[in-house]
file data.json (JSON, C-alpha atoms and all ligand atoms)
[["chain", "number", "residue", "atom", "x", "y", "z"],
["A", 1, "MET", "CA", 74.69, 102.84, 95.94],
["A", 2, "ALA", "CA", 76.76, 102.57, 99.13],
["A", 3, "GLU", "CA", 75.40, 104.02, 102.38],
["A", 4, "LYS", "CA", 76.82, 107.54, 102.92],
["A", 5, "HIS", "CA", 80.11, 107.21, 104.81],
["A", 6, "ALA", "CA", 79.53, 103.48, 105.11],
["A", 7, "THR", "CA", 82.43, 103.44, 107.56],
["A", 8, "ASN", "CA", 83.09, 105.77, 110.48],
["A", 9, "ILE", "CA", 85.33, 105.53, 113.53],
["A", 10, "VAL", "CA", 82.63, 103.91, 115.67],
["A", 11, "LYS", "CA", 81.85, 101.30, 113.04],
["A", 12, "MET", "CA", 85.57, 100.65, 112.52],
["A", 13, "LYS", "CA", 86.02, 99.74, 116.17],
["A", 14, "LYS", "CA", 83.02, 97.43, 115.97],
["A", 15, "MET", "CA", 84.45, 95.83, 112.83],
["A", 16, "LYS", "CA", 87.55, 95.00, 114.87],
["A", 17, "THR", "CA", 85.45, 93.47, 117.64],
["A", 18, "ASP", "CA", 83.42, 91.50, 115.09],
["A", 19, "GLY", "CA", 86.55, 90.35, 113.24],
["A", 20, "VAL", "CA", 85.54, 92.10, 109.99],
["A", 21, "PRO", "CA", 88.67, 93.22, 108.06],
["A", 22, "LEU", "CA", 88.96, 96.87, 106.98],
["A", 23, "SER", "CA", 89.98, 97.61, 103.40],
["A", 24, "MET", "CA", 91.84, 100.86, 102.81],
["A", 25, "LEU", "CA", 93.46, 102.19, 99.64],
["A", 26, "THR", "CA", 95.18, 105.44, 98.82],
["A", 27, "ALA", "CA", 93.69, 107.81, 96.26],
["A", 28, "TYR", "CA", 94.93, 111.20, 95.16],
["A", 29, "ASP", "CA", 92.44, 112.61, 92.68],
["A", 30, "TYR", "CA", 88.85, 112.43, 91.41],
["A", 31, "PRO", "CA", 89.19, 109.35, 89.16],
["A", 32, "SER", "CA", 91.18, 107.20, 91.59],
["A", 33, "ALA", "CA", 88.77, 108.07, 94.42],
["A", 34, "ARG", "CA", 85.72, 107.46, 92.28],
["A", 35, "LEU", "CA", 86.96, 104.04, 91.16],
["A", 36, "ALA", "CA", 87.87, 103.08, 94.74],
["A", 37, "GLU", "CA", 84.43, 104.07, 96.01],
["A", 38, "GLU", "CA", 82.66, 102.25, 93.17],
["A", 39, "ALA", "CA", 84.72, 99.15, 94.04],
["A", 40, "GLY", "CA", 83.46, 99.27, 97.64],
["A", 41, "ILE", "CA", 86.56, 100.30, 99.60],
["A", 42, "ASP", "CA", 85.91, 100.98, 103.33],
["A", 43, "LEU", "CA", 88.36, 103.86, 103.75],
["A", 44, "ILE", "CA", 90.41, 106.08, 101.47],
["A", 45, "LEU", "CA", 93.77, 107.50, 102.50],
["A", 46, "VAL", "CA", 95.01, 110.60, 100.73],
["A", 47, "GLY", "CA", 98.58, 109.60, 101.51],
["A", 48, "ASP", "CA", 101.54, 111.91, 101.29],
["A", 49, "SER", "CA", 102.87, 109.05, 99.16],
["A", 50, "LEU", "CA", 101.36, 111.27, 96.47],
["A", 51, "GLY", "CA", 104.79, 112.91, 96.60],
["A", 52, "ASN", "CA", 106.26, 109.70, 95.17],
["A", 53, "VAL", "CA", 103.56, 108.28, 92.94],
["A", 54, "VAL", "CA", 101.86, 111.44, 91.63],
["A", 55, "LEU", "CA", 104.36, 114.28, 91.95],
["A", 56, "GLY", "CA", 107.52, 112.27, 91.14],
["A", 57, "TYR", "CA", 109.61, 113.15, 94.24],
["A", 58, "ASP", "CA", 111.91, 110.48, 95.68],
["A", 59, "THR", "CA", 110.56, 110.94, 99.24],
["A", 60, "THR", "CA", 107.41, 112.32, 100.87],
["A", 61, "LEU", "CA", 109.34, 115.21, 102.45],
["A", 62, "PRO", "CA", 108.61, 117.91, 99.84],
["A", 63, "VAL", "CA", 104.82, 117.45, 100.12],
["A", 64, "THR", "CA", 103.08, 120.52, 101.57],
["A", 65, "ILE", "CA", 99.75, 121.27, 103.24],
["A", 66, "ASP", "CA", 98.72, 123.05, 100.02],
["A", 67, "ASP", "CA", 99.39, 119.83, 98.06],
["A", 68, "MET", "CA", 97.36, 117.81, 100.58],
["A", 69, "VAL", "CA", 94.44, 120.26, 100.57],
["A", 70, "TYR", "CA", 94.34, 120.30, 96.75],
["A", 71, "HIS", "CA", 94.44, 116.50, 96.39],
["A", 72, "THR", "CA", 92.09, 115.82, 99.33],
["A", 73, "ARG", "CA", 89.47, 118.11, 97.79],
["A", 74, "SER", "CA", 89.49, 116.23, 94.51],
["A", 75, "VAL", "CA", 89.37, 112.86, 96.31],
["A", 76, "VAL", "CA", 86.32, 113.98, 98.32],
["A", 77, "ARG", "CA", 84.60, 115.04, 95.08],
["A", 78, "GLY", "CA", 85.32, 111.60, 93.62],
["A", 79, "ALA", "CA", 84.26, 109.60, 96.70],
["A", 80, "PRO", "CA", 81.63, 111.65, 98.53],
["A", 81, "ASP", "CA", 80.27, 108.60, 100.37],
["A", 82, "THR", "CA", 83.55, 107.18, 101.67],
["A", 83, "PHE", "CA", 85.37, 108.00, 104.91],
["A", 84, "ILE", "CA", 88.48, 109.92, 103.91],
["A", 85, "VAL", "CA", 91.65, 110.20, 105.95],
["A", 86, "THR", "CA", 94.34, 112.62, 104.82],
["A", 87, "ASP", "CA", 98.00, 112.83, 105.75],
["A", 88, "MET", "CA", 99.51, 115.66, 107.76],
["A", 89, "PRO", "CA", 102.68, 116.24, 105.72],
["A", 90, "PHE", "CA", 106.29, 116.47, 106.93],
["A", 91, "MET", "CA", 106.92, 118.99, 109.75],
["A", 92, "THR", "CA", 103.38, 120.29, 109.93],
["A", 93, "TYR", "CA", 102.62, 118.82, 113.37],
["A", 94, "HIS", "CA", 105.91, 119.19, 115.24],
["A", 95, "GLY", "CA", 105.68, 122.86, 116.14],
["A", 96, "SER", "CA", 103.12, 124.50, 118.42],
["A", 97, "VAL", "CA", 99.64, 123.05, 118.92],
["A", 98, "ASP", "CA", 98.20, 126.22, 117.33],
["A", 99, "GLU", "CA", 100.28, 125.68, 114.21],
["A", 100, "THR", "CA", 99.24, 122.01, 114.04],
["A", 101, "LEU", "CA", 95.58, 122.90, 114.46],
["A", 102, "ARG", "CA", 95.84, 125.48, 111.66],
["A", 103, "GLY", "CA", 97.03, 122.71, 109.31],
["A", 104, "VAL", "CA", 94.34, 120.32, 110.54],
["A", 105, "ARG", "CA", 91.70, 123.01, 110.04],
["A", 106, "ARG", "CA", 92.78, 123.49, 106.42],
["A", 107, "LEU", "CA", 92.67, 119.74, 105.71],
["A", 108, "MET", "CA", 89.20, 119.45, 107.26],
["A", 109, "GLN", "CA", 87.59, 122.72, 106.09],
["A", 110, "GLU", "CA", 89.26, 123.29, 102.72],
["A", 111, "GLY", "CA", 90.15, 119.65, 101.97],
["A", 112, "ARG", "CA", 86.92, 118.31, 103.53],
["A", 113, "ALA", "CA", 88.56, 115.17, 104.95],
["A", 114, "GLN", "CA", 86.95, 113.27, 107.81],
["A", 115, "ALA", "CA", 90.20, 112.47, 109.65],
["A", 116, "VAL", "CA", 93.94, 113.09, 109.60],
["A", 117, "LYS", "CA", 96.90, 110.73, 109.85],
["A", 118, "MET", "CA", 100.16, 111.49, 111.63],
["A", 119, "GLU", "CA", 103.41, 109.52, 111.66],
["A", 120, "GLY", "CA", 105.22, 108.94, 114.94],
["A", 121, "GLY", "CA", 105.09, 107.44, 118.42],
["A", 122, "LEU", "CA", 105.50, 108.84, 121.94],
["A", 123, "GLU", "CA", 106.82, 112.17, 120.68],
["A", 124, "ILE", "CA", 103.52, 113.05, 118.97],
["A", 125, "CYS", "CA", 101.07, 111.75, 121.60],
["A", 126, "ASP", "CA", 100.42, 115.20, 123.12],
["A", 127, "THR", "CA", 99.73, 116.54, 119.64],
["A", 128, "VAL", "CA", 97.40, 113.64, 118.82],
["A", 129, "SER", "CA", 95.55, 114.29, 122.05],
["A", 130, "ALA", "CA", 95.17, 118.03, 121.28],
["A", 131, "VAL", "CA", 93.82, 117.32, 117.79],
["A", 132, "VAL", "CA", 91.39, 114.68, 119.08],
["A", 133, "LYS", "CA", 90.21, 117.13, 121.78],
["A", 134, "ALA", "CA", 89.53, 119.60, 118.97],
["A", 135, "GLY", "CA", 87.08, 117.02, 117.58],
["A", 136, "VAL", "CA", 89.19, 115.59, 114.77],
["A", 137, "PRO", "CA", 89.73, 111.82, 114.43],
["A", 138, "VAL", "CA", 93.42, 110.90, 114.21],
["A", 139, "LEU", "CA", 94.89, 107.80, 112.62],
["A", 140, "GLY", "CA", 98.34, 106.96, 114.00],
["A", 141, "HIS", "CA", 101.19, 105.55, 111.90],
["A", 142, "ILE", "CA", 104.16, 103.68, 113.36],
["A", 143, "GLY", "CA", 106.79, 101.23, 112.18],
["A", 144, "LEU", "CA", 108.43, 102.51, 109.04],
["A", 145, "THR", "CA", 107.48, 106.18, 108.98],
["A", 146, "PRO", "CA", 108.58, 107.53, 105.59],
["A", 147, "GLN", "CA", 108.72, 111.16, 106.80],
["A", 148, "SER", "CA", 111.60, 110.10, 109.11],
["A", 149, "VAL", "CA", 113.46, 108.11, 106.46],
["A", 150, "ASN", "CA", 116.63, 110.13, 107.04],
["A", 151, "MET", "CA", 116.62, 109.26, 110.76],
["A", 152, "ILE", "CA", 115.74, 105.60, 110.16],
["A", 153, "GLY", "CA", 118.43, 105.23, 107.52],
["A", 154, "GLY", "CA", 116.30, 103.74, 104.77],
["A", 155, "TYR", "CA", 113.06, 101.89, 104.17],
["A", 156, "ARG", "CA", 113.71, 98.92, 106.46],
["A", 157, "ILE", "CA", 111.55, 96.42, 108.34],
["A", 158, "GLN", "CA", 110.75, 97.47, 111.91],
["A", 159, "GLY", "CA", 110.40, 95.36, 115.06],
["A", 160, "LYS", "CA", 113.21, 92.98, 114.24],
["A", 161, "ASP", "CA", 114.82, 92.90, 117.69],
["A", 162, "PRO", "CA", 113.19, 92.59, 121.13],
["A", 163, "GLU", "CA", 113.81, 96.25, 122.10],
["A", 164, "ASP", "CA", 112.34, 97.49, 118.85],
["A", 165, "ALA", "CA", 109.32, 95.18, 119.22],
["A", 166, "GLN", "CA", 108.71, 96.47, 122.76],
["A", 167, "ARG", "CA", 109.13, 100.07, 121.58],
["A", 168, "LEU", "CA", 106.47, 99.57, 118.90],
["A", 169, "ILE", "CA", 104.00, 98.02, 121.36],
["A", 170, "LYS", "CA", 104.58, 100.90, 123.79],
["A", 171, "GLU", "CA", 104.07, 103.48, 121.03],
["A", 172, "ALA", "CA", 100.86, 101.80, 119.84],
["A", 173, "LYS", "CA", 99.40, 101.75, 123.37],
["A", 174, "ALA", "CA", 100.38, 105.39, 123.94],
["A", 175, "LEU", "CA", 98.69, 106.45, 120.68],
["A", 176, "GLU", "CA", 95.54, 104.59, 121.69],
["A", 177, "ALA", "CA", 95.62, 106.33, 125.08],
["A", 178, "ALA", "CA", 96.09, 109.68, 123.30],
["A", 179, "GLY", "CA", 92.82, 109.07, 121.44],
["A", 180, "ALA", "CA", 93.89, 107.73, 118.01],
["A", 181, "PHE", "CA", 91.00, 105.83, 116.39],
["A", 182, "GLY", "CA", 93.34, 103.40, 114.64],
["A", 183, "ILE", "CA", 96.99, 102.85, 113.80],
["A", 184, "VAL", "CA", 98.74, 102.13, 110.52],
["A", 185, "LEU", "CA", 101.58, 99.63, 110.96],
["A", 186, "GLU", "CA", 104.06, 99.95, 108.11],
["A", 187, "LEU", "CA", 106.79, 97.39, 107.38],
["A", 188, "VAL", "CA", 106.52, 95.60, 110.71],
["A", 189, "THR", "CA", 107.21, 91.89, 111.16],
["A", 190, "GLU", "CA", 104.03, 89.83, 111.15],
["A", 191, "GLU", "CA", 104.45, 88.58, 114.73],
["A", 192, "VAL", "CA", 105.00, 92.04, 116.19],
["A", 193, "ALA", "CA", 102.05, 93.46, 114.21],
["A", 194, "GLU", "CA", 99.89, 90.62, 115.57],
["A", 195, "ALA", "CA", 100.99, 91.35, 119.14],
["A", 196, "ILE", "CA", 100.17, 95.05, 118.69],
["A", 197, "THR", "CA", 96.79, 94.20, 117.17],
["A", 198, "LYS", "CA", 95.94, 91.98, 120.14],
["A", 199, "ALA", "CA", 97.09, 94.61, 122.65],
["A", 200, "LEU", "CA", 94.78, 97.35, 121.30],
["A", 201, "SER", "CA", 91.02, 97.91, 121.26],
["A", 202, "ILE", "CA", 91.36, 100.20, 118.21],
["A", 203, "PRO", "CA", 91.98, 98.73, 114.74],
["A", 204, "THR", "CA", 95.43, 98.29, 113.24],
["A", 205, "ILE", "CA", 95.77, 98.73, 109.49],
["A", 206, "GLY", "CA", 98.84, 97.05, 108.04],
["A", 207, "ILE", "CA", 101.00, 97.74, 105.04],
["A", 208, "GLY", "CA", 103.76, 95.17, 104.81],
["A", 209, "ALA", "CA", 102.78, 94.11, 108.34],
["A", 210, "GLY", "CA", 101.45, 90.62, 107.70],
["A", 211, "ARG", "CA", 98.14, 88.84, 107.90],
["A", 212, "TYR", "CA", 96.92, 89.55, 111.43],
["A", 213, "CYS", "CA", 96.23, 93.28, 111.38],
["A", 214, "ASP", "CA", 92.58, 94.38, 111.57],
["A", 215, "GLY", "CA", 92.79, 95.87, 108.08],
["A", 216, "GLN", "CA", 95.12, 96.40, 105.16],
["A", 217, "VAL", "CA", 96.15, 99.49, 103.23],
["A", 218, "LEU", "CA", 98.03, 99.67, 99.94],
["A", 219, "VAL", "CA", 98.95, 102.36, 97.45],
["A", 220, "PHE", "CA", 96.65, 102.75, 94.41],
["A", 221, "HIS", "CA", 99.49, 103.07, 91.90],
["A", 222, "ASP", "CA", 101.31, 100.02, 93.34],
["A", 223, "ILE", "CA", 98.48, 97.48, 93.18],
["A", 224, "LEU", "CA", 97.45, 98.59, 89.69],
["A", 225, "ARG", "CA", 101.00, 98.86, 88.29],
["A", 226, "TYR", "CA", 100.18, 102.45, 87.36],
["A", 227, "ALA", "CA", 103.68, 103.81, 86.70],
["A", 228, "SER", "CA", 104.61, 103.28, 90.35],
["A", 229, "PRO", "CA", 108.29, 103.14, 91.30],
["A", 230, "TYR", "CA", 107.40, 100.76, 94.20],
["A", 231, "ARG", "CA", 105.16, 98.20, 92.51],
["A", 232, "ASP", "CA", 107.70, 95.38, 92.84],
["A", 233, "LYS", "CA", 108.00, 95.53, 96.62],
["A", 234, "ARG", "CA", 107.43, 92.20, 98.39],
["A", 235, "PHE", "CA", 104.35, 93.38, 100.32],
["A", 236, "VAL", "CA", 102.60, 94.68, 97.19],
["A", 237, "LYS", "CA", 100.32, 92.45, 95.14],
["A", 238, "THR", "CA", 99.40, 93.36, 91.58],
["A", 239, "TYR", "CA", 95.62, 93.26, 91.15],
["A", 240, "ALA", "CA", 95.57, 94.76, 87.64],
["A", 241, "ASP", "CA", 98.16, 96.02, 85.18],
["A", 242, "VAL", "CA", 96.63, 99.30, 84.07],
["A", 243, "GLY", "CA", 100.07, 100.72, 83.31],
["A", 244, "SER", "CA", 100.47, 98.28, 80.39],
["A", 245, "VAL", "CA", 96.93, 98.94, 79.17],
["A", 246, "ILE", "CA", 97.51, 102.72, 79.23],
["A", 247, "ARG", "CA", 100.94, 102.45, 77.57],
["A", 248, "GLU", "CA", 99.56, 100.24, 74.78],
["A", 249, "GLY", "CA", 96.61, 102.59, 74.29],
["A", 250, "ILE", "CA", 98.86, 105.64, 74.00],
["A", 251, "SER", "CA", 101.32, 103.97, 71.64],
["A", 252, "THR", "CA", 98.47, 102.88, 69.35],
["A", 253, "TYR", "CA", 97.19, 106.47, 69.37],
["A", 254, "VAL", "CA", 100.67, 107.79, 68.45],
["A", 255, "LYS", "CA", 100.96, 105.23, 65.64],
["A", 256, "GLU", "CA", 97.52, 106.07, 64.21],
["A", 257, "VAL", "CA", 98.21, 109.82, 64.29],
["A", 258, "LYS", "CA", 101.54, 109.26, 62.49],
["A", 259, "GLU", "CA", 99.97, 107.07, 59.80],
["A", 260, "ARG", "CA", 96.88, 109.36, 59.54],
["A", 261, "SER", "CA", 94.43, 106.56, 60.34],
["A", 262, "PHE", "CA", 93.10, 108.69, 63.22],
["A", 263, "PRO", "CA", 90.82, 110.59, 63.02],
["A", 264, "SER", "CA", 88.73, 108.47, 60.69],
["A", 265, "GLU", "CA", 85.27, 109.13, 59.19],
["A", 266, "ASP", "CA", 83.76, 108.12, 62.57],
["A", 267, "HIS", "CA", 85.42, 110.96, 64.48],
["A", 268, "ILE", "CA", 84.79, 114.00, 62.27],
["A", 269, "PHE", "CA", 82.12, 116.71, 62.00],
["A", 270, "LYS", "CA", 80.81, 117.56, 58.52],
["A", 271, "ALA", "CA", 80.10, 121.17, 57.56],
["A", 272, "ASP", "CA", 76.63, 122.13, 56.27],
["A", 273, "GLU", "CA", 76.21, 122.81, 52.53],
["A", 274, "HIS", "CA", 75.97, 126.59, 52.89],
["A", 275, "VAL", "CA", 79.27, 126.61, 54.77],
["A", 276, "LEU", "CA", 80.89, 124.63, 51.96],
["A", 277, "GLU", "CA", 79.50, 127.15, 49.47],
["A", 278, "SER", "CA", 80.94, 130.01, 51.46],
["A", 279, "LEU", "CA", 84.31, 128.27, 51.52],
["A", 280, "TYR", "CA", 84.52, 127.00, 47.92],
["A", 281, "GLY", "CA", 81.67, 128.59, 45.95],
["A", 282, "ALA", "CA", 78.59, 126.84, 44.52],
["A", 283, "ALA", "CA", 80.43, 125.44, 41.47],
["A", 284, "GLU", "CA", 83.26, 123.80, 43.31],
["A", 285, "LYS", "CA", 81.15, 122.53, 46.18],
["A", 286, "GLY", "CA", 80.09, 119.43, 44.23],
["A", 287, "ALA", "CA", 83.72, 118.47, 43.78],
["A", 288, "LYS", "CA", 84.26, 118.34, 47.52],
["A", 301, "LIG", "O1", 101.27, 107.99, 102.40],
["A", 301, "LIG", "C1", 100.83, 106.84, 102.35],
["A", 301, "LIG", "O2", 100.40, 106.33, 101.31],
["A", 301, "LIG", "C2", 100.84, 106.06, 103.58],
["A", 301, "LIG", "C3", 100.55, 104.60, 103.46],
["A", 301, "LIG", "C4", 101.75, 103.92, 102.96],
["A", 301, "LIG", "C5", 100.05, 104.03, 104.72],
["A", 301, "LIG", "O3", 101.13, 106.58, 104.62]]

call {"tool": "encode", "arguments": {"input": "data.json", "output": "structure tokens", "more": "lines below"}}
Ligand code: KIV
result
Amino acid sequence: MAEKHATNIVKMKKMKTDGVPLSMLTAYDYPSARLAEEAGIDLILVGDSLGNVVLGYDTTLPVTIDDMVYHTRSVVRGAPDTFIVTDMPFMTYHGSVDETLRGVRRLMQEGRAQAVKMEGGLEICDTVSAVVKAGVPVLGHIGLTPQSVNMIGGYRIQGKDPEDAQRLIKEAKALEAAGAFGIVLELVTEEVAEAITKALSIPTIGIGAGRYCDGQVLVFHDILRYASPYRDKRFVKTYADVGSVIREGISTYVKEVKERSFPSEDHIFKADEHVLESLYGAAEKGAK
């Protein structure tokens, strides 16, 4: 059995110093969280990617605090001994500090997460700082920030020109100064992600950001080919094809129901004799 909360923000920083990579995976419910914890993951992210891979939206924008609280709670039940970070959804941390803290409070008290993640750079540093001052660990997220997909103009690689690379480094340093305990780098060129990683004392966790981040994060449904719309992206590696296993299992079930080979003798419950008598009478019972 793993040590309770085997990872925490102090240990994560030490892992960076010691050169020990951090493994992070998303989970959205009890079974995915339970399997991730049993497999020894360091950190679970209840990503607002649940909008895409669980709720079937085409962006993360419709995801609400209620959705995040509901899913975070079930993840915590499935992985009680793992450090759990949950996403602040679209537009829940861009208003007043009070409003942001109300959302954070719900994710921590009702959802029972250990930390929150927020997308954005310089524009959210004051907010990050206020949340950290309230005693809540914050994971930053820069590069491709899916909540701003309409401003970015699509899901494209970040840091491709010198200005953009400098902007990302500046944002990462500002988030560290604001108190973030780590930063997710999404869809960033490998060289820029490496430069950011070297410039910070807090860990970077990459997704599509190359080999030199301090850790890696991927989406549960992508790496397991579990009906994910994004499983064929270049930065995703398939570690198991559970989608095919599930599809084959269900189609065999459908076939067996149609041909009446399920349920078989092995799956039924026999009535006691006196019940048979009450149904068919003593004389006819023998015929049954
Ligand atoms: O929502 C999510 O799953 C994420 C990861 C892609 C980092 O933010």

call {"tool": "closest_atom_pairs", "arguments": {"input": "data.json", "of": "chain A", "to": "ligand LIG 301 (chain A)", "cutoff": "6 Å", "atoms": "only C-alpha atoms and all ligand atoms", "output": "CSV"}}
result
residue,atom,partner,partner_atom,distance
A:Thr26,CA,A:LIG301,O2,5.9
A:Gly47,CA,A:LIG301,O1,3.3
A:Asp48,CA,A:LIG301,O1,4.1
A:Ser49,CA,A:LIG301,O1,3.8
A:Val219,CA,A:LIG301,O2,5.7

call {"tool": "atom_distance", "arguments": {"input": "data.json", "atom1": "CA of Ala177 (chain A)", "atom2": "CA of Val128 (chain A)"}}
result
9.8 Å

call {"tool": "axis_aligned_box", "arguments": {"input": "data.json", "around": "region 160-163 of chain A", "padding_each_side": "3 Å", "output": "JSON"}}
result
{"center_x": 114.0, "center_y": 94.4, "center_z": 118.2, "size_x": 7.6, "size_y": 9.7, "size_z": 13.9}

call {"tool": "residues_around", "arguments": {"input": "data.json", "residues": "region 116-119 of chain A", "least_positions_apart": "5", "cutoff": "7 Å", "atoms": "only C-alpha atoms", "output": "ChimeraX atom specification"}}
result
/A:85-88,137-142,145

call {"tool": "closest_atom_pairs", "arguments": {"input": "data.json", "of": "region 113-203 of chain A", "to": "region 100-105 of chain A", "cutoff": "9 Å", "atoms": "all atoms listed in the file", "output": "Markdown table"}}
result
| residue | atom | partner | partner_atom | distance |
| --- | --- | --- | --- | --- |
| A:Ala115 | CA | A:Val104 | CA | 8.9 |
| A:Val116 | CA | A:Val104 | CA | 7.3 |
| A:Thr127 | CA | A:Thr100 | CA | 7.8 |
| A:Ala130 | CA | A:Leu101 | CA | 8.4 |
| A:Val131 | CA | A:Leu101 | CA | 6.7 |
| A:Ala134 | CA | A:Leu101 | CA | 8.2 |
| A:Val136 | CA | A:Val104 | CA | 8.2 |

call {"tool": "residues_around", "arguments": {"input": "data.json", "residues": "Thr238 (chain A)", "least_positions_apart": "2", "cutoff": "10 Å", "atoms": "only C-alpha atoms", "output": "VMD selection string"}}
result
chain A and resid 221 to 225 231 to 232 236 240 to 242

call {"tool": "residues_around", "arguments": {"input": "data.json", "residues": "Tyr30 (chain A)", "least_positions_apart": "3", "cutoff": "6 Å", "atoms": "only C-alpha atoms", "output": "PyMOL selection string"}}
result
chain A and resi 33-34+74-75+78

call {"tool": "residues_near_point", "arguments": {"input": "data.json", "point": "(104.0, 106.2, 113.7)", "cutoff": "12 Å", "atoms": "only C-alpha atoms", "output": "mmCIF file with C-alpha atoms, in the frame of the given file"}}
result
data_model
loop_
_atom_site.group_PDB
_atom_site.id
_atom_site.type_symbol
_atom_site.label_atom_id
_atom_site.label_comp_id
_atom_site.auth_asym_id
_atom_site.auth_seq_id
_atom_site.Cartn_x
_atom_site.Cartn_y
_atom_site.Cartn_z
ATOM 1 C CA ASP A 87 98.000 112.830 105.750
ATOM 2 C CA LYS A 117 96.900 110.730 109.850
ATOM 3 C CA MET A 118 100.160 111.490 111.630
ATOM 4 C CA GLU A 119 103.410 109.520 111.660
ATOM 5 C CA GLY A 120 105.220 108.940 114.940
ATOM 6 C CA GLY A 121 105.090 107.440 118.420
ATOM 7 C CA LEU A 122 105.500 108.840 121.940
ATOM 8 C CA GLU A 123 106.820 112.170 120.680
ATOM 9 C CA ILE A 124 103.520 113.050 118.970
ATOM 10 C CA CYS A 125 101.070 111.750 121.600
ATOM 11 C CA VAL A 128 97.400 113.640 118.820
ATOM 12 C CA VAL A 138 93.420 110.900 114.210
ATOM 13 C CA LEU A 139 94.890 107.800 112.620
ATOM 14 C CA GLY A 140 98.340 106.960 114.000
ATOM 15 C CA HIS A 141 101.190 105.550 111.900
ATOM 16 C CA ILE A 142 104.160 103.680 113.360
ATOM 17 C CA GLY A 143 106.790 101.230 112.180
ATOM 18 C CA LEU A 144 108.430 102.510 109.040
ATOM 19 C CA THR A 145 107.480 106.180 108.980
ATOM 20 C CA PRO A 146 108.580 107.530 105.590
ATOM 21 C CA GLN A 147 108.720 111.160 106.800
ATOM 22 C CA SER A 148 111.600 110.100 109.110
ATOM 23 C CA GLN A 158 110.750 97.470 111.910
ATOM 24 C CA ARG A 167 109.130 100.070 121.580
ATOM 25 C CA LEU A 168 106.470 99.570 118.900
ATOM 26 C CA ILE A 169 104.000 98.020 121.360
ATOM 27 C CA LYS A 170 104.580 100.900 123.790
ATOM 28 C CA GLU A 171 104.070 103.480 121.030
ATOM 29 C CA ALA A 172 100.860 101.800 119.840
ATOM 30 C CA LYS A 173 99.400 101.750 123.370
ATOM 31 C CA ALA A 174 100.380 105.390 123.940
ATOM 32 C CA LEU A 175 98.690 106.450 120.680
ATOM 33 C CA GLU A 176 95.540 104.590 121.690
ATOM 34 C CA ALA A 180 93.890 107.730 118.010
ATOM 35 C CA GLY A 182 93.340 103.400 114.640
ATOM 36 C CA ILE A 183 96.990 102.850 113.800
ATOM 37 C CA VAL A 184 98.740 102.130 110.520
ATOM 38 C CA LEU A 185 101.580 99.630 110.960
ATOM 39 C CA GLU A 186 104.060 99.950 108.110
ATOM 40 C CA LEU A 187 106.790 97.390 107.380
ATOM 41 C CA VAL A 188 106.520 95.600 110.710
ATOM 42 C CA THR A 204 95.430 98.290 113.240
ATOM 43 C CA ILE A 205 95.770 98.730 109.490
ATOM 44 C CA GLY A 206 98.840 97.050 108.040
#

call {"tool": "closest_atom_pairs", "arguments": {"input": "data.json", "of": "region 193-218 of chain A", "to": "region 5-18 of chain A", "cutoff": "8 Å", "atoms": "only C-alpha atoms", "output": "Markdown table"}}
result
| residue | atom | partner | partner_atom | distance |
| --- | --- | --- | --- | --- |
| A:Ser201 | CA | A:Lys13 | CA | 7.4 |
| A:Ile202 | CA | A:Lys13 | CA | 5.7 |
| A:Pro203 | CA | A:Lys16 | CA | 5.8 |
| A:Asp214 | CA | A:Lys16 | CA | 6.0 |

call {"tool": "residues_around", "arguments": {"input": "data.json", "residues": "Ile44 (chain A)", "least_positions_apart": "2", "cutoff": "9 Å", "atoms": "only C-alpha atoms", "output": "ChimeraX atom specification"}}
result
/A:23-27,33,36-37,41-42,46-47,75,79,82-86,217

call {"tool": "closest_residue", "arguments": {"input": "data.json", "among": "A:Gly51, A:Gly154, A:Gly40, A:Pro89", "to": "Leu22 (chain A)", "atoms": "all atoms listed in the file"}}
result
A:Gly40

call {"tool": "atom_distance", "arguments": {"input": "data.json", "atom1": "CA of Phe235 (chain A)", "atom2": "CA of Ala113 (chain A)"}}
result
27.3 Å

call {"tool": "atom_distance", "arguments": {"input": "data.json", "atom1": "CA of Glu38 (chain A)", "atom2": "CA of Asp81 (chain A)"}}
result
9.9 Å

call {"tool": "residues_around", "arguments": {"input": "data.json", "residues": "Leu55 (chain A)", "least_positions_apart": "2", "cutoff": "12 Å", "atoms": "all atoms listed in the file", "output": "PDB file with C-alpha atoms, in the coordinates of the input"}}
result
ATOM      1  CA  TYR A  28      94.930 111.200  95.160  1.00  0.00           C
ATOM      2  CA  ASP A  48     101.540 111.910 101.290  1.00  0.00           C
ATOM      3  CA  SER A  49     102.870 109.050  99.160  1.00  0.00           C
ATOM      4  CA  LEU A  50     101.360 111.270  96.470  1.00  0.00           C
ATOM      5  CA  GLY A  51     104.790 112.910  96.600  1.00  0.00           C
ATOM      6  CA  ASN A  52     106.260 109.700  95.170  1.00  0.00           C
ATOM      7  CA  VAL A  53     103.560 108.280  92.940  1.00  0.00           C
ATOM      8  CA  TYR A  57     109.610 113.150  94.240  1.00  0.00           C
ATOM      9  CA  ASP A  58     111.910 110.480  95.680  1.00  0.00           C
ATOM     10  CA  THR A  59     110.560 110.940  99.240  1.00  0.00           C
ATOM     11  CA  THR A  60     107.410 112.320 100.870  1.00  0.00           C
ATOM     12  CA  LEU A  61     109.340 115.210 102.450  1.00  0.00           C
ATOM     13  CA  PRO A  62     108.610 117.910  99.840  1.00  0.00           C
ATOM     14  CA  VAL A  63     104.820 117.450 100.120  1.00  0.00           C
ATOM     15  CA  THR A  64     103.080 120.520 101.570  1.00  0.00           C
ATOM     16  CA  ASP A  67      99.390 119.830  98.060  1.00  0.00           C
ATOM     17  CA  MET A  68      97.360 117.810 100.580  1.00  0.00           C
ATOM     18  CA  HIS A  71      94.440 116.500  96.390  1.00  0.00           C
ATOM     19  CA  ALA A 227     103.680 103.810  86.700  1.00  0.00           C
ATOM     20  CA  SER A 228     104.610 103.280  90.350  1.00  0.00           C
ATOM     21  CA  PRO A 229     108.290 103.140  91.300  1.00  0.00           C
TER      22      PRO A 229
END
